[in-house]
Amino acid sequence: MAASASPISPPARTASTPWYKQLYFWVLTAIASGILTGWLWPSAGVALEPVGTTFVSAIKMLITPIVFLTIVAGIGSVDSLGRVGRVGLKSLAYFQAGTLAALAVGLVAVNVFQPGAGVHAHPGDLHLTGDAAQYVEQGEGQSWWHFLTDIVPTSAVGAFADGNILQVIFLSVLFGIALKAVGPVAQPIVAGVNRLSSVVFKILHYVMLAAPIGAFGAMAFTIGKYGISTLTSLGRLIALFYGTSLFFVVVILGAVTALLRVNIFRLLRYLGGEFLLVLGTSSSESALPRLMTKLEGLGIRRDIVGLTVPTGYSFNLDGSSIYLSLAAVYIAQATDTPLGIGQQLGLLALMILTSKGSGGVTGAGFIALAATLSSVGTVPVAGIMLIFGIDKFMSECRALTNLAGNSIATLVVARWEGVLDTARVNRVLRTGTPAPDPTPRPEAETDTETHTEAGRPSLVQDHQAVPSFTNLRGQNT
């Protein structure tokens with residue numbers, strides 16, 4: 001039997017890339033410039049909407065093929081299908097626990113601080129208009145079990161065309177399991193999938209070079225369209241949402257990482273570039289490919305990253321869960337709708353279901369909220385107009401919290417599987433230098449020195465795959 005390939009060390013660098021040449025610096029500069037542009041020249045900011053949406057569309061164009069290729073490659077690289085099922089079940093179990101904790105934290109916070117008290121909005125005076133009416137219509141058409149039936153696409157091509165991550169995950173898992181089931185005859189296909197992923201990540205590299213432009217356009221539009229004054233009109237709710245999300249990440253998720261013997265603040269710093277990109281685009285999807293790369297750079301096995309992260313984007317939405325519980329009870333408070341403890345617990349149980357499977361859908365937070373309120377019937381659905389104006393600012397916090405939650409979920413599943421090398425993780429977090437790919441190559445591919453794992457370059461080792469803005473210490477990854 002051929003020996004496994006030795007890890008490939010990152011190429012030696014004579015000097016660190018200057019901070020002003022790092023892409024993360026330009027993303028941060030673009031965000032600040034976008035805020036100023038939208039504030040000082042609102043009409044110009046609104047006109048820049050296509051710039052931001054085009055960049056996000058370019059990222060979404062690559063999300064489904066990356067998810068498909070990563071999951072298929074991950075399943076194809078494991079030694080047994082039992083491991084795939086075990087990782088999937090453990091991921092879903094943790095996702096449920098995380099969702100419940102996020103909903104409960106939001107519920108406690110909104111009851112303690114009561115941001116909607118004193119608003120006294122009359123439901124009859126609230127009228128659904130524009131996008132809000134469309135989201136409510138979609139929400140009312142959904143039942144609590146919709147994510148179970150929506151998981152199956154009407155066609156294989158349709159799942160990719162619609163950008164439905166949940167359906168792509170379903171198709172990817174089936175495809176990967178079939179590859180393992182047919183045995184050695186599928187090895188050329190697995191190798192082809194791995195090599196194709198190298199091409200897709202190279203395309204991602206080109207797209208990510210436009211990240212500063214996309215962040216500038218998205219932020220300029222947001223401020224120009226809704227104005228900074230929008231942030232103060234419902235400041236209590238916004239502050240409570242951001243504060244609750246920060247508490248959840250630092251305290252709740254921080255306690256989880258502490259059990260793993262990982263420093264939460266070092267982990268957040270390591271993912272700083274991803275957070276900046278999400279902040280600029282208000283979309284956690286924009287950071288999904290790079291997040292998987294960075295987690296693999298911590299030494300986490302590729303099949304765990306490939307299964308846990310994409311699935312988490314549909315089932316582990318901690319930020320969206322906090323938003324749901326806060327927004328639902330806020331509307332009840334603002335419209336003077338009484339909600340007892342029993343009713344709120346029933347609301348929480350329903351939101352565990354309505355919060356699932358909405359990742360990647362425009363207006364997903366509003367649709368899930370409308371579906372929840374429509375199912376309960378006690379809180380007026382039209383009350384969502386009270387918070388529609390600030391939803392754009394809330395969406396950024398949702399995306400940031402979702403990103404943090406899915407990062408930590410991957411660490412938990414790796415630890416649960418007994419393959420989390422804590423020393424390696426902490427070493428990477430201290431130095432900012434990614435660890436070599438821990439996954440050995442299949443024997444069939446040992447004749448190709450420049451490739452790992454059925455011919456696909458490791459995401460960690462492919463130093464041209466993604467720009468270096470995500471490393472805050474100035475090292476290319």
# chains A, B, ... in the order shown; residues from 1 in each chain; ligands from 1
>>> residues_around(residues="Leu204 in chain A", least_positions_apart="4", cutoff="12 Å", atoms="only C-alpha atoms", output="PyMOL selection string")
chain A and resi 55+58-63+65-66+197-200+208-211+286-290+293+464-467
>>> write_last_selection(atoms="N, CA and C atoms", output="mmCIF file, in the first residue's frame")
data_model
loop_
_atom_site.group_PDB
_atom_site.id
_atom_site.type_symbol
_atom_site.label_atom_id
_atom_site.label_comp_id
_atom_site.auth_asym_id
_atom_site.auth_seq_id
_atom_site.Cartn_x
_atom_site.Cartn_y
_atom_site.Cartn_z
ATOM 1 N N PHE A 55 -22.568 41.976 -7.037
ATOM 2 C CA PHE A 55 -21.521 41.214 -6.368
ATOM 3 C C PHE A 55 -22.117 40.032 -5.597
ATOM 4 N N ALA A 58 -23.047 37.371 -7.929
ATOM 5 C CA ALA A 58 -21.879 36.631 -8.411
ATOM 6 C C ALA A 58 -21.439 35.577 -7.396
ATOM 7 N N ILE A 59 -21.512 35.927 -6.114
ATOM 8 C CA ILE A 59 -21.175 34.963 -5.073
ATOM 9 C C ILE A 59 -22.205 33.833 -5.052
ATOM 10 N N LYS A 60 -23.492 34.195 -5.096
ATOM 11 C CA LYS A 60 -24.547 33.178 -5.063
ATOM 12 C C LYS A 60 -24.470 32.256 -6.271
ATOM 13 N N MET A 61 -23.965 32.781 -7.388
ATOM 14 C CA MET A 61 -23.785 31.963 -8.577
ATOM 15 C C MET A 61 -22.881 30.766 -8.297
ATOM 16 N N LEU A 62 -21.930 30.952 -7.381
ATOM 17 C CA LEU A 62 -20.956 29.908 -7.085
ATOM 18 C C LEU A 62 -21.316 29.066 -5.869
ATOM 19 N N ILE A 63 -22.294 29.524 -5.078
ATOM 20 C CA ILE A 63 -22.601 28.835 -3.830
ATOM 21 C C ILE A 63 -23.055 27.399 -4.090
ATOM 22 N N PRO A 65 -22.757 25.293 -6.760
ATOM 23 C CA PRO A 65 -21.742 24.329 -7.214
ATOM 24 C C PRO A 65 -20.690 24.036 -6.152
ATOM 25 N N ILE A 66 -20.318 25.041 -5.342
ATOM 26 C CA ILE A 66 -19.334 24.799 -4.292
ATOM 27 C C ILE A 66 -19.894 23.853 -3.238
ATOM 28 N N SER A 197 -13.584 21.178 -8.516
ATOM 29 C CA SER A 197 -13.698 22.141 -7.430
ATOM 30 C C SER A 197 -12.536 23.120 -7.436
ATOM 31 N N SER A 198 -11.366 22.690 -7.896
ATOM 32 C CA SER A 198 -10.229 23.608 -8.000
ATOM 33 C C SER A 198 -10.534 24.743 -8.972
ATOM 34 N N VAL A 199 -11.207 24.401 -10.065
ATOM 35 C CA VAL A 199 -11.568 25.418 -11.051
ATOM 36 C C VAL A 199 -12.598 26.385 -10.474
ATOM 37 N N VAL A 200 -13.588 25.845 -9.765
ATOM 38 C CA VAL A 200 -14.629 26.695 -9.188
ATOM 39 C C VAL A 200 -14.034 27.648 -8.151
ATOM 40 N N MET A 208 -13.905 37.338 -5.722
ATOM 41 C CA MET A 208 -13.621 37.952 -4.436
ATOM 42 C C MET A 208 -12.755 39.199 -4.556
ATOM 43 N N LEU A 209 -12.047 39.347 -5.645
ATOM 44 C CA LEU A 209 -11.271 40.564 -5.853
ATOM 45 C C LEU A 209 -12.167 41.799 -5.953
ATOM 46 N N ALA A 210 -13.424 41.582 -6.286
ATOM 47 C CA ALA A 210 -14.379 42.694 -6.383
ATOM 48 C C ALA A 210 -15.114 42.927 -5.071
ATOM 49 N N ALA A 211 -14.703 42.257 -3.990
ATOM 50 C CA ALA A 211 -15.394 42.387 -2.708
ATOM 51 C C ALA A 211 -15.483 43.832 -2.218
ATOM 52 N N SER A 286 -22.111 35.143 1.290
ATOM 53 C CA SER A 286 -20.928 35.662 0.614
ATOM 54 C C SER A 286 -19.641 35.133 1.232
ATOM 55 N N ALA A 287 -19.707 34.694 2.480
ATOM 56 C CA ALA A 287 -18.513 34.198 3.160
ATOM 57 C C ALA A 287 -18.485 32.678 3.271
ATOM 58 N N LEU A 288 -19.497 31.986 2.751
ATOM 59 C CA LEU A 288 -19.573 30.545 2.923
ATOM 60 C C LEU A 288 -18.369 29.804 2.346
ATOM 61 N N PRO A 289 -17.962 30.050 1.093
ATOM 62 C CA PRO A 289 -16.819 29.294 0.563
ATOM 63 C C PRO A 289 -15.546 29.535 1.361
ATOM 64 N N ARG A 290 -15.292 30.808 1.689
ATOM 65 C CA ARG A 290 -14.067 31.113 2.411
ATOM 66 C C ARG A 290 -14.123 30.586 3.848
ATOM 67 N N THR A 293 -12.953 27.101 3.825
ATOM 68 C CA THR A 293 -11.505 27.076 3.652
ATOM 69 C C THR A 293 -10.795 27.357 4.966
ATOM 70 N N GLN A 464 -3.723 30.304 -4.131
ATOM 71 C CA GLN A 464 -4.305 31.253 -5.071
ATOM 72 C C GLN A 464 -5.813 31.170 -5.101
ATOM 73 N N ALA A 465 -6.380 30.267 -4.306
ATOM 74 C CA ALA A 465 -7.819 30.027 -4.405
ATOM 75 C C ALA A 465 -8.637 31.199 -3.913
ATOM 76 N N VAL A 466 -8.183 31.850 -2.841
ATOM 77 C CA VAL A 466 -8.961 32.906 -2.235
ATOM 78 C C VAL A 466 -8.037 34.036 -1.848
ATOM 79 N N PRO A 467 -8.432 35.290 -2.007
ATOM 80 C CA PRO A 467 -7.580 36.407 -1.636
ATOM 81 C C PRO A 467 -7.206 36.384 -0.165
#
>>> closest_atom_pairs(of="range 294-380 of chain A", to="range 96-118 of chain A", cutoff="12 Å", atoms="only C-alpha atoms", output="CSV")
residue,atom,partner,partner_atom,distance
A:Gly312,CA,A:Gln96,CA,10.4
A:Ser314,CA,A:Thr99,CA,11.4
A:Phe315,CA,A:Gln96,CA,7.9
A:Asn316,CA,A:Thr99,CA,6.4
A:Leu317,CA,A:Thr99,CA,6.9
A:Asp318,CA,A:Ala102,CA,5.6
A:Gly319,CA,A:Ala102,CA,7.4
A:Ser320,CA,A:Ala102,CA,8.7
A:Ser321,CA,A:Leu103,CA,5.2
A:Ile322,CA,A:Gly106,CA,4.7
A:Tyr323,CA,A:Gly106,CA,7.1
A:Leu324,CA,A:Leu103,CA,7.4
A:Ser325,CA,A:Leu107,CA,5.4
A:Leu326,CA,A:Gly106,CA,5.4
A:Ala327,CA,A:Val110,CA,8.6
A:Ala328,CA,A:Leu107,CA,9.2
A:Val329,CA,A:Val110,CA,6.8
A:Tyr330,CA,A:Gly116,CA,5.0
A:Ile331,CA,A:Gly116,CA,6.8
A:Ala332,CA,A:Gly116,CA,7.8
A:Gln333,CA,A:Gly116,CA,4.8
A:Ala334,CA,A:Gly116,CA,4.4
A:Thr335,CA,A:Gly116,CA,8.1
A:Asp336,CA,A:Ala117,CA,7.9
A:Thr337,CA,A:Ala117,CA,10.6
A:Pro338,CA,A:Ala117,CA,11.4
A:Leu339,CA,A:Asn111,CA,10.4
A:Gly340,CA,A:Asn111,CA,10.8
A:Ile341,CA,A:Asn111,CA,10.1
A:Gln343,CA,A:Leu107,CA,11.8
A:Gln344,CA,A:Leu107,CA,8.0
A:Leu345,CA,A:Leu107,CA,9.0
A:Gly346,CA,A:Leu107,CA,11.8
A:Leu347,CA,A:Leu107,CA,9.9
A:Leu348,CA,A:Leu103,CA,6.6
A:Ala349,CA,A:Leu100,CA,8.5
A:Leu350,CA,A:Leu103,CA,10.6
A:Met351,CA,A:Leu103,CA,7.9
A:Ile352,CA,A:Thr99,CA,6.7
A:Leu353,CA,A:Thr99,CA,9.7
A:Thr354,CA,A:Thr99,CA,11.1
A:Ser355,CA,A:Thr99,CA,8.5
A:Lys356,CA,A:Thr99,CA,9.3
>>> closest_residue(among="A:Thr244, A:Asn164, A:Gly280, A:Leu411", to="Gly299 in chain A", atoms="only C-alpha atoms")
A:Leu411
>>> select_by_dssp(residues="range 366-405 of chain A", states="alpha helix (DSSP H)", output="VMD selection string")
chain A and resid 366 to 376 385 to 388 391 to 405
>>> residues_around(residues="Arg415 in chain A", least_positions_apart="4", cutoff="12 Å", atoms="only C-alpha atoms", output="ChimeraX atom specification")
/A:87,90-91,94,256-257,259-262,299-301,304,408-411,419-422,425
>>> write_last_selection(atoms="N, CA and C atoms", output="PDB file, in the first residue's frame")
ATOM      1  N   VAL A  87     -21.865  11.836  11.170  1.00  0.00           N
ATOM      2  CA  VAL A  87     -21.580  13.276  11.161  1.00  0.00           C
ATOM      3  C   VAL A  87     -22.850  14.080  10.916  1.00  0.00           C
ATOM      4  N   LYS A  90     -25.115  14.005  14.090  1.00  0.00           N
ATOM      5  CA  LYS A  90     -24.537  14.820  15.155  1.00  0.00           C
ATOM      6  C   LYS A  90     -24.693  16.314  14.841  1.00  0.00           C
ATOM      7  N   SER A  91     -24.518  16.664  13.579  1.00  0.00           N
ATOM      8  CA  SER A  91     -24.685  18.065  13.182  1.00  0.00           C
ATOM      9  C   SER A  91     -26.115  18.535  13.448  1.00  0.00           C
ATOM     10  N   TYR A  94     -26.833  19.001  17.178  1.00  0.00           N
ATOM     11  CA  TYR A  94     -26.280  20.251  17.714  1.00  0.00           C
ATOM     12  C   TYR A  94     -27.051  21.459  17.199  1.00  0.00           C
ATOM     13  N   VAL A 256     -19.266  27.311  24.930  1.00  0.00           N
ATOM     14  CA  VAL A 256     -19.084  26.094  24.137  1.00  0.00           C
ATOM     15  C   VAL A 256     -17.622  25.951  23.707  1.00  0.00           C
ATOM     16  N   THR A 257     -17.032  27.041  23.212  1.00  0.00           N
ATOM     17  CA  THR A 257     -15.627  26.968  22.794  1.00  0.00           C
ATOM     18  C   THR A 257     -14.706  26.763  23.993  1.00  0.00           C
ATOM     19  N   LEU A 259     -15.353  24.894  26.535  1.00  0.00           N
ATOM     20  CA  LEU A 259     -15.361  23.455  26.768  1.00  0.00           C
ATOM     21  C   LEU A 259     -14.460  22.726  25.777  1.00  0.00           C
ATOM     22  N   LEU A 260     -14.321  23.320  24.590  1.00  0.00           N
ATOM     23  CA  LEU A 260     -13.425  22.747  23.581  1.00  0.00           C
ATOM     24  C   LEU A 260     -11.979  23.174  23.794  1.00  0.00           C
ATOM     25  N   ARG A 261     -11.765  24.071  24.778  1.00  0.00           N
ATOM     26  CA  ARG A 261     -10.444  24.646  25.060  1.00  0.00           C
ATOM     27  C   ARG A 261      -9.937  25.487  23.904  1.00  0.00           C
ATOM     28  N   VAL A 262     -10.848  26.249  23.337  1.00  0.00           N
ATOM     29  CA  VAL A 262     -10.540  27.188  22.256  1.00  0.00           C
ATOM     30  C   VAL A 262     -10.995  28.567  22.690  1.00  0.00           C
ATOM     31  N   GLY A 299      -7.363  22.601  10.589  1.00  0.00           N
ATOM     32  CA  GLY A 299      -7.045  21.186  10.700  1.00  0.00           C
ATOM     33  C   GLY A 299      -8.262  20.310  10.840  1.00  0.00           C
ATOM     34  N   ILE A 300      -9.455  20.863  10.613  1.00  0.00           N
ATOM     35  CA  ILE A 300     -10.680  20.066  10.714  1.00  0.00           C
ATOM     36  C   ILE A 300     -10.842  19.242   9.438  1.00  0.00           C
ATOM     37  N   ARG A 301     -11.229  17.999   9.608  1.00  0.00           N
ATOM     38  CA  ARG A 301     -11.345  17.083   8.485  1.00  0.00           C
ATOM     39  C   ARG A 301     -12.313  17.615   7.436  1.00  0.00           C
ATOM     40  N   ILE A 304     -16.084  16.656   7.444  1.00  0.00           N
ATOM     41  CA  ILE A 304     -16.865  17.305   8.495  1.00  0.00           C
ATOM     42  C   ILE A 304     -17.209  18.731   8.095  1.00  0.00           C
ATOM     43  N   ILE A 408     -18.582  27.603  14.973  1.00  0.00           N
ATOM     44  CA  ILE A 408     -18.415  26.862  16.224  1.00  0.00           C
ATOM     45  C   ILE A 408     -19.079  25.499  16.140  1.00  0.00           C
ATOM     46  N   ALA A 409     -20.180  25.396  15.403  1.00  0.00           N
ATOM     47  CA  ALA A 409     -20.841  24.102  15.227  1.00  0.00           C
ATOM     48  C   ALA A 409     -19.893  23.096  14.584  1.00  0.00           C
ATOM     49  N   THR A 410     -19.088  23.544  13.638  1.00  0.00           N
ATOM     50  CA  THR A 410     -18.138  22.652  12.977  1.00  0.00           C
ATOM     51  C   THR A 410     -17.090  22.143  13.952  1.00  0.00           C
ATOM     52  N   LEU A 411     -16.611  23.028  14.838  1.00  0.00           N
ATOM     53  CA  LEU A 411     -15.658  22.602  15.867  1.00  0.00           C
ATOM     54  C   LEU A 411     -16.288  21.565  16.793  1.00  0.00           C
ATOM     55  N   VAL A 419     -11.967  13.986  16.465  1.00  0.00           N
ATOM     56  CA  VAL A 419     -10.885  14.304  15.532  1.00  0.00           C
ATOM     57  C   VAL A 419     -10.471  15.773  15.611  1.00  0.00           C
ATOM     58  N   LEU A 420     -10.881  16.476  16.657  1.00  0.00           N
ATOM     59  CA  LEU A 420     -10.489  17.879  16.806  1.00  0.00           C
ATOM     60  C   LEU A 420      -9.147  17.943  17.530  1.00  0.00           C
ATOM     61  N   ASP A 421      -8.136  18.401  16.820  1.00  0.00           N
ATOM     62  CA  ASP A 421      -6.807  18.583  17.402  1.00  0.00           C
ATOM     63  C   ASP A 421      -6.752  19.985  17.997  1.00  0.00           C
ATOM     64  N   THR A 422      -7.048  20.077  19.289  1.00  0.00           N
ATOM     65  CA  THR A 422      -7.128  21.387  19.939  1.00  0.00           C
ATOM     66  C   THR A 422      -5.809  22.125  19.887  1.00  0.00           C
ATOM     67  N   VAL A 425      -5.504  23.614  16.465  1.00  0.00           N
ATOM     68  CA  VAL A 425      -6.426  24.735  16.314  1.00  0.00           C
ATOM     69  C   VAL A 425      -5.874  25.985  16.994  1.00  0.00           C
TER      70      VAL A 425
END
>>> residues_around(residues="Val309 in chain A", least_positions_apart="4", cutoff="8 Å", atoms="only C-alpha atoms", output="ChimeraX atom specification")
/A:288,292,305,313,406-407,410
>>> closest_residue(among="A:Pro434, A:Gly243, A:Pro184, A:Gly38", to="Cys397 in chain A", atoms="only C-alpha atoms")
A:Gly243
>>> residues_around(residues="Val72 in chain A", least_positions_apart="5", cutoff="7 Å", atoms="only C-alpha atoms", output="number ranges by chain")
A: 172-173, 175-176
>>> write_last_selection(atoms="all heavy atoms", output="PDB file, in the first residue's frame")
ATOM      1  N   SER A 172     -26.806  16.520  -3.207  1.00  0.00           N
ATOM      2  CA  SER A 172     -25.379  16.227  -3.053  1.00  0.00           C
ATOM      3  C   SER A 172     -25.154  14.978  -2.213  1.00  0.00           C
ATOM      4  O   SER A 172     -24.304  14.141  -2.538  1.00  0.00           O
ATOM      5  CB  SER A 172     -24.661  17.414  -2.399  1.00  0.00           C
ATOM      6  OG  SER A 172     -24.877  18.602  -3.115  1.00  0.00           O
ATOM      7  N   VAL A 173     -25.906  14.869  -1.112  1.00  0.00           N
ATOM      8  CA  VAL A 173     -25.762  13.703  -0.244  1.00  0.00           C
ATOM      9  C   VAL A 173     -26.144  12.428  -0.991  1.00  0.00           C
ATOM     10  O   VAL A 173     -25.450  11.401  -0.910  1.00  0.00           O
ATOM     11  CB  VAL A 173     -26.610  13.874   1.029  1.00  0.00           C
ATOM     12  CG1 VAL A 173     -26.646  12.577   1.834  1.00  0.00           C
ATOM     13  CG2 VAL A 173     -26.059  15.002   1.890  1.00  0.00           C
ATOM     14  N   PHE A 175     -26.027  11.931  -4.211  1.00  0.00           N
ATOM     15  CA  PHE A 175     -25.008  11.677  -5.230  1.00  0.00           C
ATOM     16  C   PHE A 175     -23.753  11.090  -4.591  1.00  0.00           C
ATOM     17  O   PHE A 175     -23.163  10.130  -5.109  1.00  0.00           O
ATOM     18  CB  PHE A 175     -24.682  12.976  -5.962  1.00  0.00           C
ATOM     19  CG  PHE A 175     -23.889  12.789  -7.225  1.00  0.00           C
ATOM     20  CD1 PHE A 175     -24.522  12.546  -8.422  1.00  0.00           C
ATOM     21  CD2 PHE A 175     -22.499  12.848  -7.207  1.00  0.00           C
ATOM     22  CE1 PHE A 175     -23.796  12.370  -9.596  1.00  0.00           C
ATOM     23  CE2 PHE A 175     -21.764  12.675  -8.368  1.00  0.00           C
ATOM     24  CZ  PHE A 175     -22.409  12.426  -9.565  1.00  0.00           C
ATOM     25  N   GLY A 176     -23.335  11.665  -3.465  1.00  0.00           N
ATOM     26  CA  GLY A 176     -22.139  11.173  -2.798  1.00  0.00           C
ATOM     27  C   GLY A 176     -22.309   9.753  -2.287  1.00  0.00           C
ATOM     28  O   GLY A 176     -21.393   8.925  -2.404  1.00  0.00           O
TER      29      GLY A 176
END
>>> closest_residue(among="A:Met219, A:Ile177, A:Arg83, A:Val412", to="Ala255 in chain A", atoms="only C-alpha atoms")
A:Val412
>>> atom_distance(atom1="CA of Trp39 in chain A", atom2="CA of Ala399 in chain A")
23.1 Å
>>> residues_around(residues="Val428 in chain A", least_positions_apart="3", cutoff="10 Å", atoms="only C-alpha atoms", output="count of residues only")
15
>>> closest_residue(among="A:Met385, A:Val190, A:Leu276, A:Ile165", to="Val78 in chain A", atoms="only C-alpha atoms")
A:Val190
>>> atom_distance(atom1="CA of Leu179 in chain A", atom2="CA of Ile75 in chain A")
8.5 Å
>>> atom_distance(atom1="CA of Thr372 in chain A", atom2="CA of Ile384 in chain A")
11.5 Å
